[in-house]
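Source file: model.cif (mmCIF, C-alpha atoms)
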data_start
#
loop_
_atom_site.label_atom_id
_atom_site.label_comp_id
_atom_site.auth_asym_id
_atom_site.auth_seq_id
_atom_site.Cartn_x
_atom_site.Cartn_y
_atom_site.Cartn_z
CA MET A 1 -12.88 -1.15 -8.92
CA LYS A 2 -11.82 -4.68 -9.86
CA LEU A 3 -11.30 -5.44 -6.17
CA LEU A 4 -14.82 -4.21 -5.38
CA LEU A 5 -16.24 -6.52 -8.06
CA ILE A 6 -14.32 -9.45 -6.56
CA ILE A 7 -15.74 -8.64 -3.11
CA VAL A 8 -19.27 -8.44 -4.52
CA ALA A 9 -18.75 -11.83 -6.23
CA MET A 10 -17.48 -13.27 -2.95
CA GLY A 11 -20.59 -11.87 -1.28
CA VAL A 12 -22.83 -13.55 -3.87
CA VAL A 13 -21.22 -17.00 -3.54
CA THR A 14 -21.43 -16.63 0.24
CA TYR A 15 -25.09 -15.59 0.14
CA VAL A 16 -26.35 -18.37 -2.12
CA PRO A 17 -25.62 -21.24 0.34
CA ARG A 18 -27.24 -19.14 3.06
CA VAL A 19 -30.44 -18.18 1.28
CA VAL A 20 -31.31 -21.07 -1.06
CA PRO A 21 -31.69 -23.75 1.64
CA LEU A 22 -33.49 -21.35 3.96
CA MET A 23 -36.13 -20.74 1.30
CA ALA A 24 -36.24 -24.05 -0.52
CA LEU A 25 -35.24 -26.78 1.91
CA ALA A 26 -37.38 -25.77 4.88
CA ASN A 27 -38.34 -28.87 6.90
CA ARG A 28 -36.40 -31.17 4.57
CA ARG A 29 -33.15 -32.95 5.30
CA LEU A 30 -30.19 -32.83 2.95
CA PRO A 31 -29.00 -36.15 1.49
CA ALA A 32 -26.58 -37.91 3.83
CA TRP A 33 -23.72 -37.94 1.31
CA LEU A 34 -23.90 -34.16 0.94
CA LEU A 35 -23.88 -33.70 4.73
CA ARG A 36 -20.80 -35.92 5.00
CA PHE A 37 -19.04 -33.99 2.23
CA LEU A 38 -19.88 -30.65 3.82
CA SER A 39 -18.85 -31.80 7.29
CA SER A 40 -15.22 -32.30 6.19
CA VAL A 41 -14.91 -29.06 4.24
CA PRO A 42 -14.09 -26.59 7.06
CA VAL A 43 -11.23 -28.71 8.45
CA ALA A 44 -9.89 -29.68 5.02
CA VAL A 45 -9.89 -26.16 3.62
CA LEU A 46 -8.12 -24.66 6.65
CA ALA A 47 -5.42 -27.35 6.65
CA ALA A 48 -5.00 -27.06 2.89
CA PHE A 49 -4.43 -23.32 3.04
CA ALA A 50 -2.15 -23.38 6.10
CA ALA A 51 0.13 -26.32 5.23
CA PRO A 52 2.03 -24.87 2.22
CA LEU A 53 2.61 -21.60 4.11
CA ILE A 54 4.15 -23.58 6.97
CA PHE A 55 6.11 -26.29 5.15
CA ALA A 56 7.11 -24.45 1.99
CA PRO A 57 6.98 -20.69 2.60
CA GLU A 58 9.53 -19.99 -0.15
CA GLY A 59 7.98 -22.37 -2.67
CA THR A 60 10.26 -25.33 -1.90
CA LEU A 61 9.87 -27.86 0.90
CA ASP A 62 11.73 -26.60 3.99
CA VAL A 63 11.63 -28.69 7.17
CA SER A 64 14.83 -27.22 8.61
CA LEU A 65 15.28 -25.12 11.76
CA GLY A 66 15.73 -22.11 9.49
CA ASN A 67 12.02 -22.20 8.60
CA LEU A 68 10.48 -19.66 11.00
CA ASN A 69 6.93 -20.45 9.92
CA LEU A 70 7.44 -24.10 10.87
CA LEU A 71 9.23 -23.33 14.16
CA ALA A 72 6.53 -20.90 15.27
CA ALA A 73 3.80 -23.43 14.43
CA VAL A 74 4.92 -25.59 17.39
CA PRO A 75 4.07 -23.17 20.24
CA THR A 76 1.04 -21.93 18.27
CA VAL A 77 -0.46 -25.41 18.00
CA ILE A 78 0.34 -26.14 21.65
CA ALA A 79 -1.41 -22.93 22.73
CA ALA A 80 -4.35 -23.59 20.41
CA VAL A 81 -4.89 -27.16 21.60
CA TRP A 82 -4.30 -26.28 25.25
CA ARG A 83 -6.59 -23.27 25.62
CA ARG A 84 -8.79 -23.51 22.48
CA ASP A 85 -8.58 -19.75 22.30
CA LEU A 86 -8.21 -18.17 18.89
CA LEU A 87 -6.78 -14.85 20.06
CA LEU A 88 -4.22 -16.56 22.29
CA SER A 89 -3.04 -18.66 19.34
CA VAL A 90 -2.57 -15.56 17.22
CA VAL A 91 -0.66 -13.70 19.94
CA VAL A 92 1.61 -16.69 20.66
CA GLY A 93 2.32 -17.25 16.95
CA ALA A 94 3.06 -13.62 16.15
CA LEU A 95 5.16 -13.14 19.27
CA THR A 96 7.21 -16.27 18.55
CA VAL A 97 8.00 -15.11 15.02
CA ALA A 98 8.87 -11.61 16.22
CA LEU A 99 11.26 -13.00 18.87
CA LEU A 100 12.82 -15.55 16.49
CA ARG A 101 13.56 -12.73 14.03
CA ILE A 102 15.43 -10.87 16.78
CA TRP A 103 17.39 -13.93 18.00
CA LEU A 104 18.18 -15.75 14.75
CA MET B 1 -44.71 -9.89 22.55
CA THR B 2 -44.48 -6.81 20.41
CA ALA B 3 -42.04 -6.52 17.55
CA ARG B 4 -39.95 -4.14 19.63
CA ASP B 5 -39.74 -6.61 22.53
CA ASP B 6 -38.67 -9.33 20.13
CA PHE B 7 -36.02 -7.12 18.56
CA ARG B 8 -34.63 -6.28 22.00
CA ALA B 9 -34.60 -9.93 23.04
CA GLY B 10 -32.67 -10.75 19.87
CA ALA B 11 -30.19 -7.97 20.51
CA ARG B 12 -29.67 -9.20 24.08
CA ALA B 13 -29.08 -12.74 22.83
CA ALA B 14 -26.32 -11.33 20.62
CA ILE B 15 -24.19 -10.01 23.52
CA PRO B 16 -21.85 -13.04 23.78
CA ILE B 17 -21.37 -12.91 20.00
CA VAL B 18 -20.57 -9.19 20.15
CA LEU B 19 -17.58 -9.77 22.43
CA GLY B 20 -16.15 -12.46 20.15
CA TYR B 21 -16.79 -10.58 16.92
CA LEU B 22 -15.29 -7.32 18.15
CA SER B 23 -12.00 -8.99 19.05
CA ILE B 24 -11.74 -11.31 16.04
CA GLY B 25 -12.93 -8.50 13.75
CA LEU B 26 -10.14 -6.32 15.13
CA ALA B 27 -7.59 -9.04 14.46
CA TYR B 28 -8.98 -9.47 10.93
CA GLY B 29 -8.67 -5.72 10.27
CA VAL B 30 -5.05 -5.63 11.45
CA LEU B 31 -4.23 -8.72 9.37
CA GLY B 32 -5.91 -7.28 6.29
CA VAL B 33 -3.91 -4.06 6.43
CA ALA B 34 -0.73 -6.06 7.17
CA ALA B 35 -1.37 -8.17 4.05
CA GLY B 36 -1.48 -4.97 2.01
CA VAL B 37 -5.24 -4.91 1.36
CA PRO B 38 -6.74 -1.39 1.23
CA GLY B 39 -8.73 -0.46 4.33
CA TRP B 40 -11.94 0.19 2.40
CA ALA B 41 -11.78 -3.33 0.93
CA VAL B 42 -11.15 -4.89 4.35
CA VAL B 43 -14.27 -3.18 5.73
CA SER B 44 -16.40 -3.73 2.59
CA MET B 45 -15.85 -7.45 2.93
CA SER B 46 -17.24 -7.35 6.47
CA VAL B 47 -20.36 -5.61 5.12
CA LEU B 48 -20.85 -7.55 1.86
CA VAL B 49 -19.48 -11.01 2.68
CA PHE B 50 -19.75 -11.28 6.50
CA ALA B 51 -17.97 -14.63 6.77
CA GLY B 52 -14.89 -14.65 9.00
CA SER B 53 -12.84 -17.58 7.74
CA ALA B 54 -13.53 -16.68 4.08
CA GLN B 55 -12.48 -13.08 4.72
CA LEU B 56 -9.27 -14.16 6.45
CA VAL B 57 -8.36 -16.46 3.59
CA ALA B 58 -9.26 -13.70 1.13
CA VAL B 59 -6.88 -11.12 2.64
CA SER B 60 -4.14 -13.76 2.71
CA LEU B 61 -4.75 -14.62 -0.95
CA LEU B 62 -4.87 -10.93 -1.92
CA GLY B 63 -1.53 -10.47 -0.17
CA GLN B 64 -0.11 -13.31 -2.29
CA GLY B 65 -1.49 -11.73 -5.46
CA ALA B 66 -4.08 -14.45 -6.15
CA GLY B 67 -6.58 -14.02 -8.99
CA ALA B 68 -10.31 -13.32 -8.82
CA GLY B 69 -11.22 -16.93 -9.61
CA GLU B 70 -9.24 -18.31 -6.69
CA LEU B 71 -10.72 -15.73 -4.30
CA VAL B 72 -14.31 -16.45 -5.28
CA ALA B 73 -13.81 -20.24 -5.32
CA ALA B 74 -12.24 -20.12 -1.85
CA ALA B 75 -15.15 -18.06 -0.51
CA LEU B 76 -17.66 -20.51 -2.00
CA LEU B 77 -15.92 -23.58 -0.52
CA LEU B 78 -15.43 -22.03 2.90
CA ASN B 79 -19.08 -21.03 3.10
CA LEU B 80 -20.72 -24.19 1.81
CA ARG B 81 -21.24 -25.23 5.43
CA HIS B 82 -23.94 -22.54 5.68
CA ILE B 83 -26.16 -24.95 3.73
CA LEU B 84 -26.22 -27.01 6.93
CA TYR B 85 -27.19 -24.06 9.08
CA ALA B 86 -29.74 -22.62 6.67
CA SER B 87 -31.62 -25.88 6.26
CA ALA B 88 -31.63 -26.43 10.01
CA LEU B 89 -32.73 -22.88 10.81
CA ALA B 90 -35.66 -22.81 8.37
CA PRO B 91 -38.08 -24.85 10.51
CA LEU B 92 -37.24 -22.78 13.60
CA LEU B 93 -38.57 -19.55 12.08
CA GLU B 94 -42.11 -18.23 12.20
CA PRO B 95 -43.76 -18.16 8.79
CA MET B 96 -42.56 -15.02 7.05
CA THR B 97 -42.35 -13.47 3.60
CA ARG B 98 -39.59 -14.46 1.20
CA GLY B 99 -38.17 -10.95 1.46
CA ARG B 100 -37.79 -11.33 5.21
CA LEU B 101 -36.26 -14.80 4.81
CA ALA B 102 -33.78 -13.25 2.38
CA TRP B 103 -32.84 -10.69 5.03
CA VAL B 104 -32.41 -13.30 7.77
CA ALA B 105 -30.27 -15.47 5.48
CA TYR B 106 -27.86 -12.63 4.73
CA GLU B 107 -26.47 -12.56 8.28
CA LEU B 108 -26.46 -16.29 8.96
CA THR B 109 -23.15 -17.32 10.55
CA ASP B 110 -21.88 -20.19 12.71
CA GLU B 111 -22.54 -18.13 15.82
CA THR B 112 -25.87 -16.48 14.96
CA PHE B 113 -27.12 -19.93 13.98
CA VAL B 114 -26.07 -21.49 17.27
CA VAL B 115 -27.60 -18.70 19.35
CA ALA B 116 -30.81 -18.82 17.30
CA THR B 117 -31.21 -22.56 17.81
CA GLN B 118 -30.67 -22.15 21.56
CA ALA B 119 -33.18 -19.29 21.70
CA ALA B 120 -35.74 -21.33 19.77
CA LYS B 121 -35.60 -24.01 22.50
CA GLN B 122 -36.85 -21.46 25.04
CA ARG B 123 -38.98 -19.14 22.92
CA GLY B 124 -40.40 -21.47 20.30
CA ARG B 125 -40.37 -20.31 16.70
CA LEU B 126 -38.37 -17.16 16.17
CA SER B 127 -39.90 -14.00 14.77
CA PHE B 128 -38.42 -11.72 12.13
CA PRO B 129 -37.73 -8.87 14.63
CA PHE B 130 -35.88 -11.28 16.94
CA GLU B 131 -33.67 -12.45 14.09
CA VAL B 132 -33.03 -8.88 12.93
CA GLY B 133 -31.97 -7.93 16.46
CA LEU B 134 -29.71 -10.95 16.90
CA ASN B 135 -28.14 -10.87 13.44
CA GLY B 136 -27.99 -7.11 13.02
CA ILE B 137 -26.18 -6.48 16.30
CA SER B 138 -23.80 -9.34 15.49
CA GLN B 139 -22.85 -7.97 12.09
CA LEU B 140 -22.59 -4.46 13.49
CA SER B 141 -19.96 -5.67 15.97
CA TRP B 142 -18.08 -7.55 13.21
CA VAL B 143 -17.97 -4.45 11.00
CA GLY B 144 -17.06 -2.27 14.00
CA GLY B 145 -14.22 -4.63 14.98
CA SER B 146 -12.95 -4.58 11.39
CA VAL B 147 -12.89 -0.77 11.32
CA LEU B 148 -11.00 -0.67 14.62
CA GLY B 149 -8.54 -3.22 13.24
CA VAL B 150 -7.92 -1.23 10.07
CA VAL B 151 -7.27 1.91 12.13
CA ALA B 152 -5.02 0.03 14.58
CA GLY B 153 -3.23 -1.71 11.71
CA SER B 154 -2.26 1.55 10.05
CA PHE B 155 -0.47 2.65 13.25
CA VAL B 156 1.51 -0.55 13.54
CA GLY B 157 4.06 0.34 10.83
CA ASP B 158 6.21 -2.57 9.65
CA PRO B 159 3.97 -5.58 10.39
CA GLU B 160 6.85 -8.09 10.12
CA ARG B 161 8.63 -6.54 13.08
CA LEU B 162 5.70 -7.59 15.28
CA GLY B 163 5.31 -10.99 13.61
CA LEU B 164 1.93 -9.90 12.26
CA ASP B 165 2.63 -11.56 8.91
CA TYR B 166 2.43 -14.82 10.89
CA ALA B 167 -0.84 -13.96 12.62
CA LEU B 168 -2.90 -15.33 9.75
CA ILE B 169 -1.16 -18.73 9.82
CA ALA B 170 -1.60 -18.76 13.60
CA MET B 171 -5.30 -18.03 13.18
CA PHE B 172 -5.68 -20.92 10.72
CA LEU B 173 -3.97 -23.22 13.21
CA GLY B 174 -6.18 -21.91 16.02
CA LEU B 175 -9.34 -22.41 13.93
CA LEU B 176 -8.19 -25.93 13.09
CA ALA B 177 -7.61 -26.75 16.75
CA LEU B 178 -11.14 -25.58 17.56
CA GLN B 179 -12.56 -27.98 14.95
CA MET B 180 -10.66 -31.06 16.15
CA ARG B 181 -13.21 -33.35 17.74
CA GLY B 182 -11.83 -36.80 17.02
CA ARG B 183 -9.69 -38.96 14.80
CA ARG B 184 -11.73 -38.15 11.73
CA GLU B 185 -10.86 -34.44 11.85
CA VAL B 186 -7.17 -35.18 12.43
CA VAL B 187 -7.05 -37.53 9.43
CA VAL B 188 -8.92 -35.04 7.23
CA ALA B 189 -6.56 -32.22 8.25
CA LEU B 190 -3.39 -34.25 7.67
CA ALA B 191 -4.57 -35.55 4.30
CA ALA B 192 -5.61 -32.10 3.10
CA ALA B 193 -2.32 -30.61 4.33
CA ALA B 194 -0.23 -33.27 2.56
CA ILE B 195 -2.07 -33.11 -0.78
CA SER B 196 -2.18 -29.32 -0.75
CA THR B 197 1.57 -29.06 -0.02
CA VAL B 198 2.42 -31.48 -2.84
CA LEU B 199 0.24 -29.53 -5.30
CA TRP B 200 1.82 -26.28 -4.08
CA LEU B 201 5.31 -27.70 -4.69
CA MET B 202 4.15 -28.69 -8.18
CA GLY B 203 3.41 -25.02 -8.79
CA LEU B 204 -0.40 -24.98 -8.58
CA GLY B 205 -0.45 -22.06 -6.14
CA SER B 206 -3.55 -21.62 -3.97
CA THR B 207 -5.65 -23.54 -6.52
CA GLY B 208 -3.94 -26.62 -5.09
CA ALA B 209 -5.53 -25.93 -1.71
CA LEU B 210 -8.99 -25.87 -3.25
CA VAL B 211 -8.34 -29.09 -5.19
CA ALA B 212 -7.04 -30.77 -2.02
CA THR B 213 -10.15 -29.69 -0.10
CA VAL B 214 -12.57 -31.14 -2.66
CA VAL B 215 -10.59 -34.38 -2.97
CA VAL B 216 -10.34 -34.96 0.79
CA ALA B 217 -13.96 -34.00 1.52
CA SER B 218 -15.15 -36.31 -1.29
CA VAL B 219 -13.05 -39.25 -0.09
CA GLY B 220 -14.26 -38.54 3.45
CA ALA B 221 -17.87 -38.64 2.26
CA ILE B 222 -17.31 -42.01 0.53
CA ILE B 223 -15.36 -43.83 3.26
CA ARG B 224 -17.37 -42.71 6.26
CA PRO B 225 -16.51 -44.19 9.63
CA GLY B 226 -19.79 -45.35 11.14
CA THR B 227 -22.70 -42.97 10.63
CA GLY B 228 -22.25 -39.68 8.88
CA PRO B 229 -21.69 -36.69 11.14
CA ASP B 230 -25.00 -35.09 11.95
CA LEU B 231 -25.91 -31.52 12.64
CA PRO B 232 -25.62 -31.49 16.45
CA THR B 233 -21.92 -32.35 16.08
CA HIS B 234 -21.53 -29.19 14.07
CA VAL B 235 -23.41 -27.05 16.54
CA GLY B 236 -21.13 -28.36 19.27
CA THR B 237 -18.09 -27.38 17.27
CA ALA B 238 -19.24 -23.82 17.01
CA THR B 239 -20.20 -23.42 20.65
CA ASP B 240 -17.28 -25.17 22.31
CA GLY B 241 -14.93 -22.24 22.57
CA GLY B 242 -17.39 -19.96 24.27
CA PRO B 243 -17.52 -16.23 23.61
CA GLY B 244 -14.20 -14.68 22.76
CA THR B 245 -12.76 -17.84 21.29
CA GLU B 246 -15.15 -18.08 18.37
CA PRO B 247 -13.81 -18.20 14.84
CA GLY B 248 -15.71 -15.07 13.76
CA PRO B 249 -18.74 -15.07 11.49
#
What does the file become when written as structure tokens?
Amino acid sequence: MKLLLIIVAMGVVTYVPRVVPLMALANRRLPAWLLRFLSSVPVAVLAAFAAPLIFAPEGTLDVSLGNLNLLAAVPTVIAAVWRRDLLLSVVVGALTVALLRIWL
Amino acid sequence: MTARDDFRAGARAAIPIVLGYLSIGLAYGVLGVAAGVPGWAVVSMSVLVFAGSAQLVAVSLLGQGAGAGELVAAALLLNLRHILYASALAPLLEPMTRGRLAWVAYELTDETFVVATQAAKQRGRLSFPFEVGLNGISQLSWVGGSVLGVVAGSFVGDPERLGLDYALIAMFLGLLALQMRGRREVVVALAAAAISTVLWLMGLGSTGALVATVVVASVGAIIRPGTGPDLPTHVGTATDGGPGTEPGP
């Protein structure tokens, strides 16, 4: 029940930025500073969520070869930059971790 | 053009989106189940939220035991970019009632926005039936992909054996790579990653990621290199990958 309420709240905060400008800001441009702020958000938020999981999966900084999340990030990033294909990145990342768990 | 013709044209325009959403939706469903989120919640999010990156972050946060505040704040931040799309789409629509605008807005995503703007170049202003066809078919494929993913995920068994616990991180990295268009994006990503990691090490949990995002986006808005990024740049970002490589809704 609590989870459903959270999902509904997520739906509301997702809907507001979709519907308010469509109704209110028709034919008007947003202020330039807001556009610049918004333009950085997608990249910043993804990097901010991914980085701690990669560099500190156990809560402390770990840049050793024993950090599977960091090791697997290398082929994942190479695949992602090379082919720009989301599914390929996921397959390469998951496969690398699965193999490293067998070998290490 | 009758309403039915317009609806069909919209549905046809959605075909490239359908292929992308089915596959990414499937991956999202598998990831959600692997993170320990109940199947009904995974699918409800696709119906009620319909925003791919926010949903992926949400299942990751749920798996880490994050609180309601963090989940809702993350969804808000990740979806603020829809302000850009909504304000750009408004002038491309035929005049319509507020109720119909409310309907169209509900299914506005990176991809439906891009396809709508392309269609408007050929067709002129878009009608309500066209938008319902385009958006409705798109969301249907996203929900369908999610259901398939939940079903597939429950057959997988121990997700760690297949490295599926890493799939989410890999998807973040893949999404990031798709957004890299120049030095600005690289700097933003590195700064956000560094600040977020430091805050995480200080024990702020996923709240640190949200703080890092706001700080970096604000600094980026103040020290802009040259002119501010305009909307076409954004549209390009969303279309670059082509169908099948899209980040989901």
Check your understanding: For the atom pair CA of Val147 in chain B and CA of Val115 in chain B, what is the interatomic distance in Å to one decimal place?
Key -> 24.5 Å
Practice item. Evaluate the PyMOL selection byres ((chain A) within 7 of (chain B)) on the structure here and hand back the selected residues as an MDAnalysis selection string. Key: chainID A and resid 6:11 13:15 17:19 21:23 25:27 32:33 36:52 59:60 76:77 80:81 84:87 89:90 93:95 97:98
Practice item. Could you tell me which residues the PyMOL selection byres ((chain B and resi 134) around 8) returns for this structure, as an MDAnalysis selection string? Key: chainID B and resid 7 9:14 112 116 130:133 135:138
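Taking CA of Trp103 in chain A as the reference point, CA of Pro57 in chain A is found at 19.8 Å.
Nearest to Ala72 in chain A of all the residues A:Leu99, A:Val12, A:Leu3, A:Leu35 is A:Leu99, based on only C-alpha atoms.
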Revision key, fill the gap. Between A:Leu104, A:Thr96, A:Leu61, A:Val91, smallest distance to Ala73 in chain A by all atoms listed in the file belongs to A:Thr96
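Reported to one decimal place, the separation of CA of Ala66 in chain B from CA of Lys2 in chain A is 13.0 Å.
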Point to revise | Nearest-residue call for Pro129 in chain B, choices B:Leu204, B:Pro16, B:Arg100, B:Tyr28, using only C-alpha atoms | key: B:Arg100
Complete range 27-45 of chain B at the level of N, CA and C atoms, written as a PDB file, keeping the file's coordinate frame.
ATOM      1  N   ALA B  27      -8.740  -8.277  14.965  1.00  0.00           N
ATOM      2  CA  ALA B  27      -7.590  -9.040  14.460  1.00  0.00           C
ATOM      3  C   ALA B  27      -7.637  -9.134  12.931  1.00  0.00           C
ATOM      4  N   TYR B  28      -8.832  -9.382  12.389  1.00  0.00           N
ATOM      5  CA  TYR B  28      -8.980  -9.470  10.930  1.00  0.00           C
ATOM      6  C   TYR B  28      -8.584  -8.151  10.259  1.00  0.00           C
ATOM      7  N   GLY B  29      -9.009  -7.024  10.851  1.00  0.00           N
ATOM      8  CA  GLY B  29      -8.670  -5.720  10.270  1.00  0.00           C
ATOM      9  C   GLY B  29      -7.175  -5.484  10.255  1.00  0.00           C
ATOM     10  N   VAL B  30      -6.509  -5.801  11.366  1.00  0.00           N
ATOM     11  CA  VAL B  30      -5.050  -5.630  11.450  1.00  0.00           C
ATOM     12  C   VAL B  30      -4.368  -6.516  10.404  1.00  0.00           C
ATOM     13  N   LEU B  31      -4.824  -7.775  10.322  1.00  0.00           N
ATOM     14  CA  LEU B  31      -4.230  -8.720   9.370  1.00  0.00           C
ATOM     15  C   LEU B  31      -4.424  -8.244   7.935  1.00  0.00           C
ATOM     16  N   GLY B  32      -5.621  -7.730   7.639  1.00  0.00           N
ATOM     17  CA  GLY B  32      -5.910  -7.280   6.290  1.00  0.00           C
ATOM     18  C   GLY B  32      -4.972  -6.168   5.860  1.00  0.00           C
ATOM     19  N   VAL B  33      -4.809  -5.176   6.729  1.00  0.00           N
ATOM     20  CA  VAL B  33      -3.910  -4.060   6.430  1.00  0.00           C
ATOM     21  C   VAL B  33      -2.469  -4.575   6.307  1.00  0.00           C
ATOM     22  N   ALA B  34      -2.088  -5.508   7.210  1.00  0.00           N
ATOM     23  CA  ALA B  34      -0.730  -6.060   7.170  1.00  0.00           C
ATOM     24  C   ALA B  34      -0.481  -6.810   5.866  1.00  0.00           C
ATOM     25  N   ALA B  35      -1.521  -7.438   5.303  1.00  0.00           N
ATOM     26  CA  ALA B  35      -1.370  -8.170   4.050  1.00  0.00           C
ATOM     27  C   ALA B  35      -1.337  -7.232   2.847  1.00  0.00           C
ATOM     28  N   GLY B  36      -1.550  -5.926   3.093  1.00  0.00           N
ATOM     29  CA  GLY B  36      -1.480  -4.970   2.010  1.00  0.00           C
ATOM     30  C   GLY B  36      -2.815  -4.707   1.327  1.00  0.00           C
ATOM     31  N   VAL B  37      -3.916  -5.143   1.939  1.00  0.00           N
ATOM     32  CA  VAL B  37      -5.240  -4.910   1.360  1.00  0.00           C
ATOM     33  C   VAL B  37      -5.717  -3.518   1.784  1.00  0.00           C
ATOM     34  N   PRO B  38      -6.269  -2.716   0.851  1.00  0.00           N
ATOM     35  CA  PRO B  38      -6.740  -1.390   1.230  1.00  0.00           C
ATOM     36  C   PRO B  38      -7.811  -1.455   2.317  1.00  0.00           C
ATOM     37  N   GLY B  39      -7.797  -0.477   3.212  1.00  0.00           N
ATOM     38  CA  GLY B  39      -8.730  -0.460   4.330  1.00  0.00           C
ATOM     39  C   GLY B  39     -10.188  -0.533   3.908  1.00  0.00           C
ATOM     40  N   TRP B  40     -10.534   0.199   2.828  1.00  0.00           N
ATOM     41  CA  TRP B  40     -11.940   0.190   2.400  1.00  0.00           C
ATOM     42  C   TRP B  40     -12.372  -1.215   1.984  1.00  0.00           C
ATOM     43  N   ALA B  41     -11.438  -1.979   1.380  1.00  0.00           N
ATOM     44  CA  ALA B  41     -11.780  -3.330   0.930  1.00  0.00           C
ATOM     45  C   ALA B  41     -11.935  -4.261   2.130  1.00  0.00           C
ATOM     46  N   VAL B  42     -11.072  -4.074   3.132  1.00  0.00           N
ATOM     47  CA  VAL B  42     -11.150  -4.890   4.350  1.00  0.00           C
ATOM     48  C   VAL B  42     -12.533  -4.720   4.992  1.00  0.00           C
ATOM     49  N   VAL B  43     -12.983  -3.452   5.076  1.00  0.00           N
ATOM     50  CA  VAL B  43     -14.270  -3.180   5.730  1.00  0.00           C
ATOM     51  C   VAL B  43     -15.440  -3.582   4.825  1.00  0.00           C
ATOM     52  N   SER B  44     -15.313  -3.346   3.510  1.00  0.00           N
ATOM     53  CA  SER B  44     -16.400  -3.730   2.590  1.00  0.00           C
ATOM     54  C   SER B  44     -16.701  -5.213   2.686  1.00  0.00           C
ATOM     55  N   MET B  45     -15.637  -6.012   2.836  1.00  0.00           N
ATOM     56  CA  MET B  45     -15.850  -7.450   2.930  1.00  0.00           C
ATOM     57  C   MET B  45     -16.690  -7.790   4.162  1.00  0.00           C
TER      58      MET B  45
END
